[in-house]
Amino acid sequence: MAAAEAFPVLSSQAYLDGEAARETRALVADLCRQFYTLGWVSGTGGSITIKVHDDAIPKPHQLIVMSPSGVQKERMTADDMYVLSGEGDILSAPSTKPYPNKPPKCSDCAPLFMKAYQMRNAGAVIHSHGMESCLVTMINPLSKEFRITHMEMIKGIQGHGYYDELVIPIIENTAHERELTKSLTEAISAYPKATAVLVRNHGIYVWGDSWISAKTQAECYHYLFEAAIKLHQLGIDWTSPSHGPINHNAYKKCGHITLDSSVEAGLANGTQALDKQRKCIVLDIEGTTTPVSFVTEVLFPYARDNVRKHLMSTYDSEETQDDIKLLRAQILDDLEKEPSGYVPIPPDEAGKEQVIDCLVTHVEEMIKADRKLTALKQLQGHIWRTGFENKELQGVVFDDVPEALKRWHTNGIKVYIYSSGSREAQRLVFGHSEHGDLRKYLCGFFDTTVGNKREPRSYFEISQSVGVDTPSQILFVTDVYQEAIAAMVAGLDVIISIRPGNAPIPDYFEFQTVTSFAEI
């Protein structure tokens, strides 16, 4: 039976405006201001929800107060809160405020909050974007859990003592908060003792029987995360009772990745040690095999200047319709993040010309901003294909590249390409190069469908696909420092390419550099 039927008083205006509900609204606003000073809800991120306690109402049916989404959390008042039924239906919403405030919207975390309420009979849930909760998931980027033991603050976590091992599940982040619901539900079910779930590169969800319990635990969790980060920096193992030094000589487990001693030595010495049993080389394109200017001054302008012609001539083809479908989805995603910055693509019924006009506008802006989007890269690849086939385009590589590819191929080293450009575009560049068809020296191509180039997981996925025993048997060559870091974290050997026109790299880097593939 629904709460409204069992307890009709809950949906009455008098109850919604009553003392208990008012005090809970004010409490959420007060806690948001406090958490803002801790860095947990800055930049409109994070959220809090608390049940309206009433001894006469069973907890599953109690009203829920929830902070709104996309607002300055430190400036909220009691009147800015949403009130929901125990089932999650909105009973009371805040009034719209004048510009520049956005229209009110209930927290994007609502589906996840409801899971904690329903599966753990929680009285309050806190979602924090605290830096510690984000960084601690990045130390071992493939680990599915955070573990720590023998720390005094563990006693502040429900059901745990000093000698216990605290285990918190880690789930992978998604583009939208609501998309985390399934994985969070699975984590809550799989870890019955847990009172929190970490979201990698994002933050943490913490729940408790009451707001005091949730707040206390959230503070303890953040303390423990900060301690783990600092212990890691000191080379101390926070997962063992003795808290001894991290063993740099033995293999270190990162989820399913094993970093061997050569990689560890490289990290310790500030340089990557070369693996004598290297089996594969993975190459970036722009700034590594190919001048940046070829991409920015030839390929991008060609795609921009020919996007309308391409769409007009191929509009009804299955391939172009698939491109348009991907672009529609990307623009809808952009609209959700910044409603005022984008215009949705008209439906097909609006007519071919109107749809193409809007697509051209969006694609030109994406190219101008050099956005690394699968939808854009796929369309660009199809436009470039026409250019290469018509001999309007010819692939450009540095003069030392063909000889190096041939040498590595002769020596039995597999060579792969990993670029933000689509795999088709990669094959076109090397298949129609000024040095002839270089694809005979390449074993495969990876693009962003395997993952973002600045995410360690992407390089782990590649290592699982190229036939090596350990990631350290792969050399990754790139001109982008952030990509080098991600590959290094995944256990790959890394060299940074220094080529004319490349962006500068930090002075404090720990990688070998080359100015020519002849040096590798």
# chains A, B, ... in the order shown; residues from 1 in each chain; ligands from 1
call {"tool": "residues_around", "arguments": {"residues": "Thr290 of chain A", "least_positions_apart": "2", "cutoff": "10 Å", "atoms": "only C-alpha atoms", "output": "list in words"}}
result
Asp284, Ile285, Glu286, Gly287, Thr288, Val292, Ser293, Phe294, Val295, Gly395, Val396, Val397, Phe398, Asp399, Val401, Val429, Phe430 and Arg499 of chain A
call {"tool": "select_by_dssp", "arguments": {"residues": "segment 121-193 of chain A", "states": "helix (DSSP H, G or I)", "output": "PDB file with N, CA and C atoms, in the first residue's frame"}}
result
ATOM      1  N   MET A 131      37.347  16.239  -2.941  1.00  0.00           N
ATOM      2  CA  MET A 131      38.527  15.871  -3.708  1.00  0.00           C
ATOM      3  C   MET A 131      39.112  14.539  -3.256  1.00  0.00           C
ATOM      4  N   GLU A 132      39.110  14.293  -1.933  1.00  0.00           N
ATOM      5  CA  GLU A 132      39.702  13.056  -1.425  1.00  0.00           C
ATOM      6  C   GLU A 132      38.976  11.833  -1.979  1.00  0.00           C
ATOM      7  N   SER A 133      37.641  11.905  -2.036  1.00  0.00           N
ATOM      8  CA  SER A 133      36.852  10.760  -2.492  1.00  0.00           C
ATOM      9  C   SER A 133      37.057  10.509  -3.979  1.00  0.00           C
ATOM     10  N   CYS A 134      37.452  11.528  -4.702  1.00  0.00           N
ATOM     11  CA  CYS A 134      37.740  11.370  -6.132  1.00  0.00           C
ATOM     12  C   CYS A 134      39.140  10.785  -6.327  1.00  0.00           C
ATOM     13  N   LEU A 135      40.135  11.391  -5.701  1.00  0.00           N
ATOM     14  CA  LEU A 135      41.521  10.985  -5.909  1.00  0.00           C
ATOM     15  C   LEU A 135      41.799   9.569  -5.433  1.00  0.00           C
ATOM     16  N   GLU A 152      42.176   4.702  13.467  1.00  0.00           N
ATOM     17  CA  GLU A 152      41.225   5.046  14.520  1.00  0.00           C
ATOM     18  C   GLU A 152      39.869   5.489  13.975  1.00  0.00           C
ATOM     19  N   MET A 153      39.861   6.239  12.872  1.00  0.00           N
ATOM     20  CA  MET A 153      38.611   6.793  12.370  1.00  0.00           C
ATOM     21  C   MET A 153      37.704   5.737  11.750  1.00  0.00           C
ATOM     22  N   ILE A 154      38.191   4.527  11.562  1.00  0.00           N
ATOM     23  CA  ILE A 154      37.324   3.441  11.092  1.00  0.00           C
ATOM     24  C   ILE A 154      36.209   3.198  12.105  1.00  0.00           C
ATOM     25  N   LYS A 155      36.473   3.491  13.370  1.00  0.00           N
ATOM     26  CA  LYS A 155      35.465   3.282  14.418  1.00  0.00           C
ATOM     27  C   LYS A 155      34.229   4.158  14.205  1.00  0.00           C
ATOM     28  N   GLY A 156      34.378   5.218  13.388  1.00  0.00           N
ATOM     29  CA  GLY A 156      33.230   6.084  13.122  1.00  0.00           C
ATOM     30  C   GLY A 156      32.310   5.556  12.043  1.00  0.00           C
ATOM     31  N   GLU A 177      24.329  11.311 -13.971  1.00  0.00           N
ATOM     32  CA  GLU A 177      24.199  10.748 -12.626  1.00  0.00           C
ATOM     33  C   GLU A 177      23.222   9.573 -12.594  1.00  0.00           C
ATOM     34  N   ARG A 178      22.079   9.720 -13.247  1.00  0.00           N
ATOM     35  CA  ARG A 178      21.050   8.686 -13.175  1.00  0.00           C
ATOM     36  C   ARG A 178      21.529   7.355 -13.758  1.00  0.00           C
ATOM     37  N   GLU A 179      22.514   7.419 -14.669  1.00  0.00           N
ATOM     38  CA  GLU A 179      23.012   6.198 -15.288  1.00  0.00           C
ATOM     39  C   GLU A 179      23.820   5.345 -14.313  1.00  0.00           C
ATOM     40  N   LEU A 180      24.118   5.893 -13.139  1.00  0.00           N
ATOM     41  CA  LEU A 180      24.842   5.150 -12.109  1.00  0.00           C
ATOM     42  C   LEU A 180      23.927   4.243 -11.302  1.00  0.00           C
ATOM     43  N   THR A 181      22.611   4.390 -11.474  1.00  0.00           N
ATOM     44  CA  THR A 181      21.648   3.711 -10.601  1.00  0.00           C
ATOM     45  C   THR A 181      21.846   2.201 -10.593  1.00  0.00           C
ATOM     46  N   LYS A 182      22.002   1.596 -11.765  1.00  0.00           N
ATOM     47  CA  LYS A 182      22.124   0.141 -11.841  1.00  0.00           C
ATOM     48  C   LYS A 182      23.377  -0.356 -11.125  1.00  0.00           C
ATOM     49  N   SER A 183      24.523   0.267 -11.394  1.00  0.00           N
ATOM     50  CA  SER A 183      25.764  -0.203 -10.770  1.00  0.00           C
ATOM     51  C   SER A 183      25.772   0.077  -9.273  1.00  0.00           C
ATOM     52  N   LEU A 184      25.151   1.189  -8.847  1.00  0.00           N
ATOM     53  CA  LEU A 184      25.077   1.459  -7.409  1.00  0.00           C
ATOM     54  C   LEU A 184      24.190   0.426  -6.728  1.00  0.00           C
ATOM     55  N   THR A 185      23.079   0.082  -7.372  1.00  0.00           N
ATOM     56  CA  THR A 185      22.184  -0.941  -6.819  1.00  0.00           C
ATOM     57  C   THR A 185      22.919  -2.263  -6.653  1.00  0.00           C
ATOM     58  N   GLU A 186      23.697  -2.639  -7.671  1.00  0.00           N
ATOM     59  CA  GLU A 186      24.453  -3.891  -7.601  1.00  0.00           C
ATOM     60  C   GLU A 186      25.493  -3.853  -6.496  1.00  0.00           C
ATOM     61  N   ALA A 187      26.133  -2.687  -6.306  1.00  0.00           N
ATOM     62  CA  ALA A 187      27.156  -2.563  -5.260  1.00  0.00           C
ATOM     63  C   ALA A 187      26.529  -2.650  -3.874  1.00  0.00           C
ATOM     64  N   ILE A 188      25.389  -2.001  -3.677  1.00  0.00           N
ATOM     65  CA  ILE A 188      24.710  -2.067  -2.379  1.00  0.00           C
ATOM     66  C   ILE A 188      24.330  -3.497  -2.060  1.00  0.00           C
ATOM     67  N   SER A 189      23.858  -4.212  -3.085  1.00  0.00           N
ATOM     68  CA  SER A 189      23.451  -5.608  -2.887  1.00  0.00           C
ATOM     69  C   SER A 189      24.650  -6.506  -2.603  1.00  0.00           C
ATOM     70  N   ALA A 190      25.763  -6.260  -3.287  1.00  0.00           N
ATOM     71  CA  ALA A 190      26.941  -7.128  -3.153  1.00  0.00           C
ATOM     72  C   ALA A 190      27.731  -6.870  -1.876  1.00  0.00           C
TER      73      ALA A 190
END
call {"tool": "residues_around", "arguments": {"residues": "Pro103 of chain A", "least_positions_apart": "3", "cutoff": "12 Å", "atoms": "only C-alpha atoms", "output": "short mmCIF file (atom, residue, chain, number, x, y, z; two decimals) with N, CA, C and O atoms, in the first residue's frame"}}
result
data_model
loop_
_atom_site.label_atom_id
_atom_site.label_comp_id
_atom_site.auth_asym_id
_atom_site.auth_seq_id
_atom_site.Cartn_x
_atom_site.Cartn_y
_atom_site.Cartn_z
N PRO A 68 17.95 20.66 -4.43
CA PRO A 68 17.79 20.74 -5.89
C PRO A 68 19.12 20.52 -6.60
O PRO A 68 20.18 20.48 -5.99
N SER A 69 19.05 20.41 -7.92
CA SER A 69 20.23 20.19 -8.75
C SER A 69 20.64 21.48 -9.44
O SER A 69 19.80 22.32 -9.78
N GLY A 70 21.96 21.63 -9.65
CA GLY A 70 22.48 22.73 -10.44
C GLY A 70 22.36 24.10 -9.81
O GLY A 70 22.26 25.11 -10.52
N VAL A 71 22.37 24.16 -8.48
CA VAL A 71 22.27 25.46 -7.80
C VAL A 71 23.47 25.65 -6.88
O VAL A 71 24.16 24.69 -6.53
N ASP A 80 14.11 26.39 -0.92
CA ASP A 80 14.65 25.85 -2.17
C ASP A 80 14.54 24.33 -2.26
O ASP A 80 14.90 23.75 -3.29
N ALA A 93 7.52 21.47 -4.64
CA ALA A 93 8.69 21.94 -5.38
C ALA A 93 8.89 23.43 -5.13
O ALA A 93 7.93 24.15 -4.87
N PRO A 94 10.14 23.90 -5.19
CA PRO A 94 10.41 25.33 -4.97
C PRO A 94 9.90 26.18 -6.12
O PRO A 94 9.71 25.70 -7.24
N SER A 95 9.71 27.45 -5.84
CA SER A 95 9.27 28.40 -6.87
C SER A 95 10.45 28.80 -7.76
O SER A 95 11.61 28.75 -7.35
N THR A 96 10.13 29.20 -8.99
CA THR A 96 11.16 29.66 -9.92
C THR A 96 11.69 31.02 -9.48
O THR A 96 10.92 31.90 -9.08
N LYS A 97 13.01 31.16 -9.55
CA LYS A 97 13.65 32.42 -9.18
C LYS A 97 14.03 33.20 -10.44
O LYS A 97 14.20 32.61 -11.50
N PRO A 98 14.17 34.51 -10.33
CA PRO A 98 14.51 35.32 -11.52
C PRO A 98 15.92 35.04 -12.01
O PRO A 98 16.76 34.50 -11.30
N TYR A 99 16.18 35.44 -13.25
CA TYR A 99 17.50 35.33 -13.86
C TYR A 99 18.54 35.99 -12.96
O TYR A 99 18.25 37.01 -12.32
N PRO A 100 19.74 35.40 -12.81
CA PRO A 100 20.33 34.32 -13.62
C PRO A 100 20.11 32.92 -13.07
O PRO A 100 20.78 31.98 -13.49
N CYS A 106 14.76 18.91 -9.41
CA CYS A 106 15.11 18.02 -8.31
C CYS A 106 16.47 17.38 -8.57
O CYS A 106 16.89 17.21 -9.72
N PRO A 339 21.83 23.92 -21.33
CA PRO A 339 20.64 24.13 -22.15
C PRO A 339 20.69 25.38 -23.03
O PRO A 339 20.12 25.41 -24.11
#
call {"tool": "residues_around", "arguments": {"residues": "segment 47-49 of chain A", "least_positions_apart": "2", "cutoff": "9 Å", "atoms": "only C-alpha atoms", "output": "number ranges by chain"}}
result
A: 28-29, 31-32, 40-41, 44-45, 51, 64-69, 73, 107-110, 113, 123-129, 211
call {"tool": "closest_residue", "arguments": {"among": "A:Leu112, A:Ala175, A:Leu198, A:Leu438", "to": "Glu336 of chain A", "atoms": "only C-alpha atoms"}}
result
A:Ala175
